[in-house]
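Trainee: A single structure is presented below for examination.
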Number of protein chains: 2
Amino acid sequence: MSNAEPHADDALEAREKILATAARLFAEQGYENTSISQVARAAKVSKALIFWYFETKEKLYRSALRKTLEPYFIDVDDLDGLDESAQITRLIELFAEFVRENVYSVRFFLSLMLQGERQPDEVIRRVSELYGVFRNLLADIIESGRLRGIFRQDCSPKLDAALIMAALDGVLIQNFLSDEFVHEPNELLDHLKSSLLNRLLAASH
Amino acid sequence: MSNAEPHADDALEAREKILATAARLFAEQGYENTSISQVARAAKVSKALIFWYFETKEKLYRSALRKTLEPYFIDVDDLDGLDESAQITRLIELFAEFVRENVYSVRFFLSLMLQGERQPDEVIRRVSELYGVFRNLLADIIESGRLRGIFRQDCSPKLDAALIMAALDGVLIQNFLSDEFVHEPNELLDHLKSSLLNRLLAASH
DNA sequence: GTCTATATACAGATAGAC
DNA sequence: GTCTATCTGTATATAGAC
């Protein structure tokens, strides 16, 4: 009876399995469209067990969101040794890559934040924070490039960073939407990189 | 009995009142979070009457979406007499204005399209179509400006139009999100206009 | 056309055996 | 810890009176 099966999913404790299943279903279908019964069926446990571990649907939801956020971070170490304009290119690529690797949950959090009006949620704060870090990093790089004379003197680090982020958002969101929006996903992203970078570089002499 | 009251809401036929109420509630709360009972209460009719007119909740929903889309169009006549760069500025302003005037429903449709996977809905198609018209108009203007030597010869009308749209989306979406994202809503929009226009204008001599 | 009353289904949540 | 059985509320939808 006390044999632990090292096989695939069975090796997960029931609690973990519930959590993983719930995270997936909530992200795919939203809170209202996902019932405890459905989670129970998919995780192959009884409804009662879910309530045993998580007490209410709301608490299960929060725990699942927290789990989903775990892989959310930016690894920014590999910017060393690059000049400012290469750093910006790299950051844009990192961002795009991150979104590509987390399509489902990013899409989910985005629609969460759009509905808004909700809880001043820890989750929302966490995502905002990450976004802010990214934008500030970008602004710092632009400022540094401006001081070193690589970028035009009349650029505005904070605004330019915000604009790049906005354009990036726009491009990536288009990939989420109906296919009719997308011309060539990567073509537009490349255009964004070169176009906005050139704008910064354009010498004023 | 056949007296028609010309007063405010009472003048609306029950059917219209149900439709208007439902459109508002669906847009504010989403489909799952809006019950027929709630619509009935808000529209001051009985649940049964709603089923009398619309048969199912699903059909009520579709009718309500169609009604919400009615004011969705762009009035593009006032571009006459402007040169290409002024036309672009004007178009950007029109787009921003449109979004500002339809915050609730735009936000709603956006989160609808994000959840995706749904019906290959007429609604989605309609919105995509409008968006496409806008982008193509922008591309045509850029092309025309390029031919007339106002814009740089090496610009790419379709890509530049797509980039402007993406940036515009990004900026406007930030206004939907948690306040922490917003620096100065209009400041960023202005920066977008001047920055991307300058990029097109930048002479190559 | 509009209502009240009711049928039916399924949601979240609990009790209690094992 | 995990289950079956059950409670309770509320949702969509229908029947039938007026």
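All residue names refer to the structure tokens as shown: chains lettered A, B, ... in order, residues numbered from 1 in each chain, ligands numbered from 1 in order.
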Got a sec to pull out which chain A residues are within 9 Å of chain C, counting only C-alpha atoms (C1' of nucleotides), and send them as a list in words?
Mentor: Ser35, Ile36, Ser37, Ala48, Phe51, Glu55, Thr56 and Lys57 of chain A
Trainee: Could you write out that same residue set with all heavy atoms as a CSV table (one decimal), in the first residue's frame?
Mentor:
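As a result, again-v4.csv now contains:
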chain,number,residue,atom,x,y,z
A,35,SER,N,-15.5,24.3,-13.7
A,35,SER,CA,-16.2,23.8,-12.4
A,35,SER,C,-15.2,22.9,-11.7
A,35,SER,O,-14.4,22.2,-12.2
A,35,SER,CB,-17.5,23.1,-12.8
A,35,SER,OG,-17.2,21.9,-13.4
A,36,ILE,N,-15.5,22.8,-10.4
A,36,ILE,CA,-14.7,21.9,-9.5
A,36,ILE,C,-14.9,20.5,-10.0
A,36,ILE,O,-13.9,19.7,-10.0
A,36,ILE,CB,-15.2,22.0,-8.1
A,36,ILE,CG1,-15.0,23.4,-7.6
A,36,ILE,CG2,-14.5,21.0,-7.2
A,36,ILE,CD1,-13.6,23.7,-7.2
A,37,SER,N,-16.1,20.1,-10.4
A,37,SER,CA,-16.3,18.8,-11.0
A,37,SER,C,-15.4,18.5,-12.1
A,37,SER,O,-14.9,17.4,-12.2
A,37,SER,CB,-17.8,18.6,-11.4
A,37,SER,OG,-18.7,19.2,-10.5
A,48,ALA,N,-14.6,16.2,-3.4
A,48,ALA,CA,-14.4,16.4,-1.9
A,48,ALA,C,-12.9,16.6,-1.6
A,48,ALA,O,-12.6,17.3,-0.7
A,48,ALA,CB,-15.0,15.2,-1.1
A,51,PHE,N,-11.8,20.1,-2.1
A,51,PHE,CA,-12.2,21.0,-1.0
A,51,PHE,C,-11.4,20.7,0.3
A,51,PHE,O,-11.2,21.5,1.1
A,51,PHE,CB,-13.7,20.8,-0.7
A,51,PHE,CG,-14.6,21.5,-1.8
A,51,PHE,CD1,-15.2,20.8,-2.8
A,51,PHE,CD2,-14.7,22.9,-1.7
A,51,PHE,CE1,-15.9,21.5,-3.7
A,51,PHE,CE2,-15.4,23.6,-2.7
A,51,PHE,CZ,-16.1,22.9,-3.7
A,55,GLU,N,-10.3,24.2,0.3
A,55,GLU,CA,-11.4,24.8,1.1
A,55,GLU,C,-12.5,25.4,0.2
A,55,GLU,O,-13.6,25.1,0.3
A,55,GLU,CB,-10.9,25.8,2.1
A,55,GLU,CG,-10.1,25.2,3.2
A,55,GLU,CD,-9.7,26.2,4.2
A,55,GLU,OE1,-9.4,27.4,3.8
A,55,GLU,OE2,-9.6,25.9,5.4
A,56,THR,N,-12.1,26.3,-0.7
A,56,THR,CA,-13.1,26.9,-1.6
A,56,THR,C,-12.5,27.0,-3.0
A,56,THR,O,-11.3,26.9,-3.2
A,56,THR,CB,-13.4,28.4,-1.2
A,56,THR,OG1,-12.3,29.2,-1.4
A,56,THR,CG2,-13.8,28.4,0.3
A,57,LYS,N,-13.4,27.2,-3.9
A,57,LYS,CA,-13.0,27.4,-5.3
A,57,LYS,C,-12.1,28.6,-5.5
A,57,LYS,O,-11.1,28.5,-6.2
A,57,LYS,CB,-14.2,27.5,-6.2
A,57,LYS,CG,-13.9,27.5,-7.7
A,57,LYS,CD,-15.1,27.8,-8.6
A,57,LYS,CE,-14.8,27.8,-10.0
A,57,LYS,NZ,-15.9,28.2,-10.9
Trainee: List the neighbours of Asp77 (chain B) out to 12 Å using only C-alpha atoms (C1' of nucleotides); skip same-chain residues closer than 2 positions along the sequence, and give me the result as a PDB file with C-alpha atoms, in the first residue's frame.
Mentor:
ATOM      1  CA  ILE B  74     -14.920  55.102 -38.965  1.00  0.00           C
ATOM      2  CA  ASP B  75     -15.855  58.395 -40.495  1.00  0.00           C
ATOM      3  CA  LEU B  79      -9.151  63.607 -44.435  1.00  0.00           C
ATOM      4  CA  ASP B  80      -9.741  65.616 -47.609  1.00  0.00           C
ATOM      5  CA  GLY B  81      -7.368  68.465 -48.228  1.00  0.00           C
ATOM      6  CA  LEU B  82      -4.719  67.255 -45.802  1.00  0.00           C
ATOM      7  CA  GLN B  87      -3.697  62.466 -42.751  1.00  0.00           C
ATOM      8  CA  ARG B  90      -5.577  62.572 -38.122  1.00  0.00           C
ATOM      9  CA  LEU B  91      -6.152  58.847 -38.547  1.00  0.00           C
ATOM     10  CA  LEU B  94      -9.586  59.189 -34.980  1.00  0.00           C
TER      11      LEU B  94
END
Trainee: Using all C-alpha atoms matched in sequence order, least-squares fit chain A onto chain B and give the RMSD rounded to one decimal in Å.
Mentor: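 Rounded to one decimal, the C-alpha RMSD is 0.3 Å.
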Trainee: How close does chain D get to chain A? List, as JSON lines, each residue of chain D within 9 Å, its nearest atom pair and the distance in Å to one decimal, counting only C-alpha atoms (C1' of nucleotides).
Mentor:
{"residue": "D:DG1", "atom": "C1'", "partner": "A:Leu49", "partner_atom": "CA", "distance": 7.9}
{"residue": "D:DT2", "atom": "C1'", "partner": "A:Leu49", "partner_atom": "CA", "distance": 6.5}
{"residue": "D:DC3", "atom": "C1'", "partner": "A:Ser46", "partner_atom": "CA", "distance": 7.1}
Trainee: Skip Glu129 (chain B) itself and residues of its chain fewer than 2 positions away, then list as a PyMOL selection string all residues within 12 Å of it, counting only C-alpha atoms (C1' of nucleotides).
Mentor: (chain A and resi 178-181) or (chain B and resi 72-74+122-127+131-136)
Trainee: Residues of region 110-159 of chain B that approach region 18-33 of chain B to 12 Å or less, counting only C-alpha atoms: could you list each one with the shortest pair of atoms and its distance in Å to one decimal, rows by chain and increasing residue number, as JSON lines?
Mentor:
{"residue": "B:Leu110", "atom": "CA", "partner": "B:Ala27", "partner_atom": "CA", "distance": 10.8}
{"residue": "B:Ser111", "atom": "CA", "partner": "B:Gly30", "partner_atom": "CA", "distance": 9.5}
{"residue": "B:Leu112", "atom": "CA", "partner": "B:Gly30", "partner_atom": "CA", "distance": 8.9}
{"residue": "B:Gln115", "atom": "CA", "partner": "B:Gly30", "partner_atom": "CA", "distance": 11.8}
Trainee: Identify all chain A residues at most 7 Å from chain B by counting only C-alpha atoms; ligands do not count. Present them as a list in words.
Mentor: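 Close to chain B, chain A has Glu32, Arg107, Ser111, Met113, Leu114, Ser128, Leu159, Leu163, Ala166, Ala167, Asp169, Gly170, Val171, Phe176, Leu177, Glu180, Leu188, Leu192 and Arg199 of chain A.
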Trainee: Include N, CA and C atoms and write out the residues we just selected as a tab-separated table (two decimals), in the first residue's frame.
Mentor:
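The new file result.tsv reads:
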chain	number	residue	atom	x	y	z
A	32	GLU	N	-15.03	31.21	-14.38
A	32	GLU	CA	-16.45	30.85	-14.37
A	32	GLU	C	-16.74	29.59	-15.17
A	107	ARG	N	-1.67	35.18	-22.23
A	107	ARG	CA	-2.97	35.51	-22.79
A	107	ARG	C	-4.02	35.60	-21.68
A	111	SER	N	-6.14	38.93	-20.37
A	111	SER	CA	-7.60	39.10	-20.38
A	111	SER	C	-8.11	39.31	-18.97
A	113	MET	N	-6.51	41.13	-16.72
A	113	MET	CA	-6.28	42.54	-16.42
A	113	MET	C	-7.19	43.44	-17.22
A	114	LEU	N	-7.61	42.96	-18.37
A	114	LEU	CA	-8.54	43.75	-19.17
A	114	LEU	C	-9.90	43.84	-18.49
A	128	SER	N	2.45	43.52	-13.20
A	128	SER	CA	2.78	44.93	-13.43
A	128	SER	C	4.23	45.21	-13.08
A	159	LEU	N	9.99	57.97	-22.36
A	159	LEU	CA	8.96	57.89	-23.39
A	159	LEU	C	9.32	56.89	-24.48
A	163	LEU	N	7.26	53.63	-25.51
A	163	LEU	CA	6.78	53.42	-26.88
A	163	LEU	C	7.21	52.06	-27.41
A	166	ALA	N	5.05	49.50	-25.80
A	166	ALA	CA	3.70	49.51	-26.36
A	166	ALA	C	3.68	48.82	-27.72
A	167	ALA	N	4.65	49.16	-28.56
A	167	ALA	CA	4.69	48.54	-29.89
A	167	ALA	C	4.88	47.03	-29.76
A	169	ASP	N	4.03	45.14	-27.20
A	169	ASP	CA	2.73	44.61	-26.78
A	169	ASP	C	1.82	44.42	-27.97
A	170	GLY	N	1.71	45.48	-28.75
A	170	GLY	CA	0.80	45.45	-29.89
A	170	GLY	C	1.12	44.32	-30.84
A	171	VAL	N	2.40	44.18	-31.17
A	171	VAL	CA	2.80	43.12	-32.10
A	171	VAL	C	2.47	41.75	-31.53
A	176	PHE	N	-1.95	36.81	-30.77
A	176	PHE	CA	-2.98	36.13	-30.00
A	176	PHE	C	-4.32	36.15	-30.73
A	177	LEU	N	-4.52	37.20	-31.48
A	177	LEU	CA	-5.84	37.42	-32.06
A	177	LEU	C	-6.05	36.58	-33.31
A	180	GLU	N	-6.39	36.60	-38.99
A	180	GLU	CA	-6.53	37.62	-40.02
A	180	GLU	C	-5.65	38.84	-39.75
A	188	LEU	N	7.07	41.47	-38.80
A	188	LEU	CA	6.66	42.70	-38.12
A	188	LEU	C	7.56	42.97	-36.92
A	192	LEU	N	9.84	46.20	-36.28
A	192	LEU	CA	9.80	46.97	-35.04
A	192	LEU	C	11.21	47.24	-34.54
A	199	ARG	N	15.36	54.92	-35.31
A	199	ARG	CA	14.84	56.19	-34.83
A	199	ARG	C	15.74	56.76	-33.73
Trainee: Could you tell me how far CA of Glu143 (chain A) sits from CA of Phe98 (chain A), in Å to one decimal place?
Mentor: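 It comes out at 24.5 Å.
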Trainee: Quick one: distance from CA of Thr34 (chain B) to CA of Phe109 (chain A) in Å, one decimal?
Mentor: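 We find that CA of Thr34 (chain B) and CA of Phe109 (chain A) lie 21.2 Å from each other.
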